[in-house]
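K.L.:
A single structure is presented below for examination.
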Amino acid sequence: MWVSLRRAVVVSLAFFVLLGLAYPLATTGIGQLLFHDKANGSLTANGSTRIGQTWSGPQWFQGRRDGDDPTATGGSNLGPRSQELSDKVKKQIDALKKEGITPTSGLVTASGSGVDPDISPDDAYAQVASVAKSRNLPEDRVRQLVADHVSGPQYGFLGASHVNVLELNVALAALT
Amino acid sequence: MSFAWTIVAFVVVLAICWRFLGAYMVTVFNGRSTWLSFVERPLYRLLKVDPESEQSWQRYAVSVTMFTGVALLFGYGIFRLQGHLPFNPQHFGAVREDTAWNTVVSFVTNTNWQAYSGETTMSYLSQMGVLALQNFLSAAVGIAVAVALIRGFARRGSKTIGNFWVDFVRSNLYVLLPIAFVAAIVFIGQGALETLSGPAHVHNALTGVDQTLPRGPIASQEVIKQLGTNGGGFFNANGAGPFENPSGLTNFLSIILILCIPVALTYTFGKMVFSVRQGVAILAVMTVLFGGWLTMATVAEHQGNPAVAAAGVTEQPTGNMEGKETRFGAPSSALYNITSTQTSTGSVDSAADSYTAIGGGAMLTGMMLGEVSPGGVGTGLYGILLFAVITVFIGGLMVGRTPEYLGKKIQAREVKLAALGVLVMPITVLVLTAIAVSVHAGRVGPLNAGPHGFSEILYAYTSQTNNNGSGFGGLSANTPFYNITGTIGLLLGRFGMIIPVLALAGSLAAKQVVPASLGTFRTDKPMFAVLLLGIVLIVGALTFFPAVSLGPIVEQFSGGRLF
């Protein structure tokens with residue numbers, strides 16, 4: 001009994017040092033050395049490309065129906081037959097229609113993280129006309145900009161096609 | 001179309017893991033792998049353990065229990081004292097008593113149920129020194145127990161089943177650490193965070209938006225949470241968060257990391273009992289179950305979300321996107337979440353609560369089958385071996401012959417132990433759910449109304465008792481009622497199985513082998529696999545069908561109604 005207790009304490013301390021401190025610290029060291037920008041959050045002058053932001057107004061491409069608060073991540077957690085979910089979606093549909101955007105399933109739903117940095121190509125193309133109109137740009141040019149920013153599925157088969165909203169909007173701002 | 005290629009890659013990579021990781025683990029647990037002996041030897045000296053010495057099943061069980069007790073106190077202490085300890089750039093105070101207790105039990109039992117939000121509760125020391133550390137250690141306990149049970153089958157007339165401290169140290173050093181280390185670097189290269197700097201404040205000059213981004217040593221914890229089938233997220237969003245799971249590749253690798261050890265252990269099992277075909281029969285049952293549940297969820301999520309359709313968007317070409325990330329899409333999200341609930345992982349890359357009735361029901365019922373397809377690291381293998389014992393027993397009843405499994409006579413004691421191990425989980429889940437829906441403190445928990453609210457409660461106890469840890473996130477689980485009742489489920493689910501499994505291992509190890517004859521029921525043939533599959537399904541359906549009817553099934557058939 002006492003032998004087991006002593007071993008349990010010693011093994012806990014030894015692995016605390018080895019796996020609880022040395023392993024994460026060594027990984028941090030190597031990560032910082034090899035992938036400094038990514039390991040620190042892919043930060044750019046206008047925020048992190050990995051974390052979604054709220055873009056209000058028709059002059060910007062908008063992201064998903066997310067809170068975009070990185071200190072409180074997570075989904076809506078509303079079920080598939082939730083009246084509240086249906087009401088929220090309806091409100092989003094009305095807001096999108098007011099800006100002349102045809103609602104798509106990606107734009108009216110919230111993501112799992114609450115900070116989805118991406119939208120699908122369909123979601124982006126649906127906004128081309130309203131963005132072009134509000135910025136007095138030819139629609140073709142804006143559509144080409146979206147097309148240039150579509151990426152994925154990764155290596156052609158992992159995940160889905162997506163457009164990074166921050167990168168798209170920064171390129172859009174540079175266009176005018 | 002790209003999803004079909006994902007599945008092809010998934011099968012190919014896992015087949016490679018099965019063969020080579022499986023064979024590697026044989027050498028690890030036979031003591032033939034020695035490339036890390038420069039760390040291993042000093043550890044044994046520190047522990048005063050002779051790596052050649054062995055333990056009876058009782059001593060093995062005492063060692064497991066003692067280690068767990070110390071790990072619980074150690075973790076609880078750090079949570080409560082984190083305000084006074086280093087690596088706390090956000091200056092978080094002590095974790096509340098009931099939350100700290102539930103969390104430490106949850107991580108030590110390999111569950112990783114999380115009632116708290118990581119971004120606003122845990123210091124970096126708590127994340128690294130308790131949560132990530134227990135991701136390793138609890139997984140190693142599971143592997144050790146499974147290896148002890150395999151030895152029980154493989155040995156004849158033996159009083160011992162191995163040495164817990166040696167199996168435990170080897171699982172950590174030779175299996176978990178090297179894979180986690182390499183995977184963590186790949187994750188960082190894809191955009192997962194790994195930093196000790198505190199939160200970053202960013203300002204977007206184009207829109208004037210300000211954000212505070214919590215950060216931390218995420219990648220190193222992310223990979224071991226998958227590899228050890230633990231599942232606890234650094235942040236609340238878990239695998240959906242872009243800082244944890246940044247790309248299609250990391251999403252795919254997460255799935256592979258989760259499945260590689262449980263799948264490979266069937267090869268290890270076969271090799272150690274001198275017949276790989278025995279392992280193949282087990283793996284075949286796991287594969288059929290996994291494939292069935294994956295199909296159910298993928299088809300259901302492809303249908304779109306009824307509440308979104310009711311609001312006016314009936315065209316949902318990419319499926320049900322509520323609670324899902326754009327970069328993964330619905331099919332890969334379903335693959336991830338099914339993988340996580342068919343093992344004891346419980347990490348999610350999409351909000352389980354917002355899945356369709358059938359998609360969410362697939363996650364729930366996957367756990368209810370006892371997580372044997374392929375189940376958690378170690379836990380999945382010993383879980384299905386309990387079912388295998390029951391299967392040969394029922395097969396024996398049909399023909400009126402004393403059953404055998406791998407040459408060992410299965411008698412009253414073995415059948416009782418196996419039945420005990422199989423029944424602890426459903427009894428605990430159903431009783432705790434019944435209590436929660438009967439008292440006010442339980443009924444105020446759910447976020448959603450109607451049958452989905454009941455599903456949230458049922459899911460919470462199913463997940464905790466199976467040591468899974470995923471949740472229908474709408475449930476307000478961080479209350480004393482849910483924290484304390486949940487802890488009962490966590491402990492019973494873990495030790496209600498480990499103790500009977502070790503007792504079974506001891507009892508089998510002591511037996512002599514009966515030579516196979518013409519009348520022996522071959523357990524490496526399709527007939528056995530079909531019977532085993534049937535037993536798993538029947539036990540699950542008989543115990544849980546009424547409860548599932550009140551949740552996902554009613555929800556699916558409630559027509560156009562919203563709640």
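Residues are named by chain letter and number: chains run A, B, ... in the order of the structure tokens, numbers start at 1 in each chain, and ligands are numbered from 1 in the order shown.
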Using DSSP on the backbone coordinates, identify all residues within chain A classified as strand (DSSP E or B); present the result as a ChimeraX atom specification.

P.N.:
/A:43-44,47-48,118-119,150-151,154,158,162-164

K.L.:
Skip Leu85 (chain A) itself and residues of its chain fewer than 3 positions away, then list as a PyMOL selection string all residues within 10 Å of it, counting only C-alpha atoms.

P.N.:
(chain A and resi 76-82+88-91+109-110) or (chain B and resi 306-308+310-311+322+354+448+562-563)

K.L.:
Hey, what's within 9 Å of Arg443 (chain B) if we count only C-alpha atoms and toss same-chain stuff fewer than 6 positions away? As a PyMOL selection string, please?

P.N.:
chain B and resi 436-437+453-454+457

K.L.:
Excluding Leu172 (chain A) and residues on its chain fewer than 4 positions from it, collect all residues at most 9 Å away from it, counting only C-alpha atoms, and give them as a list of chain:residue names.

P.N.:
A:Trp60, A:Phe61, A:Val142, A:Leu145, A:Glu167, A:Leu168, A:Thr176

K.L.:
Ranking A:Gln59, A:Gln92, A:Gln32, A:Ser111 by minimum distance to chain B and counting only C-alpha atoms, which one comes first?

P.N.:
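Result for the nearest residue to chain B: A:Ser111.
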
K.L.:
Identify which of the residues A:Asn164, A:Phe157, A:Ile51, A:Gln127 lies closest to Ser332 (chain B), counting only C-alpha atoms when measuring atom-to-atom distances.

P.N.:
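Nearest to Ser332 (chain B): A:Phe157.
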
K.L.:
Using only C-alpha atoms, which protein or nucleic acid residues come within 9 Å of Lys38 (chain A)? Drop anything in the same chain fewer than 6 positions from it, and give the result as a list in words.

P.N.:
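Here the answer would be Gly31 and Gln32 of chain A; Ile188, Gly189, Gln190, Gly191, Ala192, Leu193 and Glu194 of chain B.
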
K.L.:
Mind writing the picked residues with N, CA, C and O atoms as a compact mmCIF listing (two decimals), in the first residue's frame?

P.N.:
# COMPACT_ATOMS: atom_id res chain seq x y z
N GLY A 31 8.24 25.47 -32.11
CA GLY A 31 7.17 26.14 -32.86
C GLY A 31 7.51 27.61 -33.09
O GLY A 31 7.35 28.14 -34.20
N GLN A 32 8.01 28.28 -32.06
CA GLN A 32 8.35 29.69 -32.18
C GLN A 32 9.50 29.89 -33.17
O GLN A 32 9.52 30.87 -33.92
N ILE B 188 1.32 23.24 -35.55
CA ILE B 188 1.77 24.63 -35.48
C ILE B 188 2.01 25.15 -36.90
O ILE B 188 1.63 26.27 -37.24
N GLY B 189 2.62 24.31 -37.73
CA GLY B 189 2.88 24.70 -39.11
C GLY B 189 1.61 25.02 -39.88
O GLY B 189 1.62 25.78 -40.86
N GLN B 190 0.48 24.45 -39.47
CA GLN B 190 -0.80 24.72 -40.12
C GLN B 190 -1.51 25.94 -39.53
O GLN B 190 -2.54 26.35 -40.03
N GLY B 191 -1.02 26.46 -38.41
CA GLY B 191 -1.65 27.66 -37.85
C GLY B 191 -2.20 27.50 -36.44
O GLY B 191 -2.85 28.40 -35.92
N ALA B 192 -1.97 26.33 -35.81
CA ALA B 192 -2.38 26.18 -34.41
C ALA B 192 -1.41 26.97 -33.53
O ALA B 192 -0.22 27.06 -33.84
N LEU B 193 -1.90 27.52 -32.44
CA LEU B 193 -1.06 28.36 -31.59
C LEU B 193 -0.16 27.54 -30.69
O LEU B 193 -0.52 26.45 -30.26
N GLU B 194 1.01 28.10 -30.38
CA GLU B 194 1.88 27.52 -29.36
C GLU B 194 2.73 28.64 -28.83
O GLU B 194 3.79 28.95 -29.36

K.L.:
Neighbouring residues of Ala126 (chain A) were defined as those with any atom within 9 Å, considering only C-alpha atoms; residues of the same chain fewer than 2 positions away were excluded. Please report them as a compact mmCIF listing (two decimals) with C-alpha atoms, in the first residue's frame.

P.N.:
# COMPACT_ATOMS: atom_id res chain seq x y z
CA ILE A 101 -28.03 40.08 -50.72
CA THR A 102 -29.76 36.79 -51.51
CA PRO A 103 -29.48 34.78 -48.25
CA THR A 104 -27.35 31.63 -48.45
CA PRO A 121 -17.60 30.70 -52.28
CA ASP A 122 -21.42 30.77 -52.65
CA ASP A 123 -21.69 33.05 -49.62
CA ALA A 124 -19.11 35.39 -51.15
CA VAL A 128 -20.71 40.61 -55.06
CA ALA A 129 -23.51 42.76 -56.49
CA SER A 130 -24.19 44.69 -53.30

K.L.:
State, in Å with one decimal place, the distance from CA of Thr54 (chain A) to CA of Gly231 (chain B).

P.N.:
29.4 Å
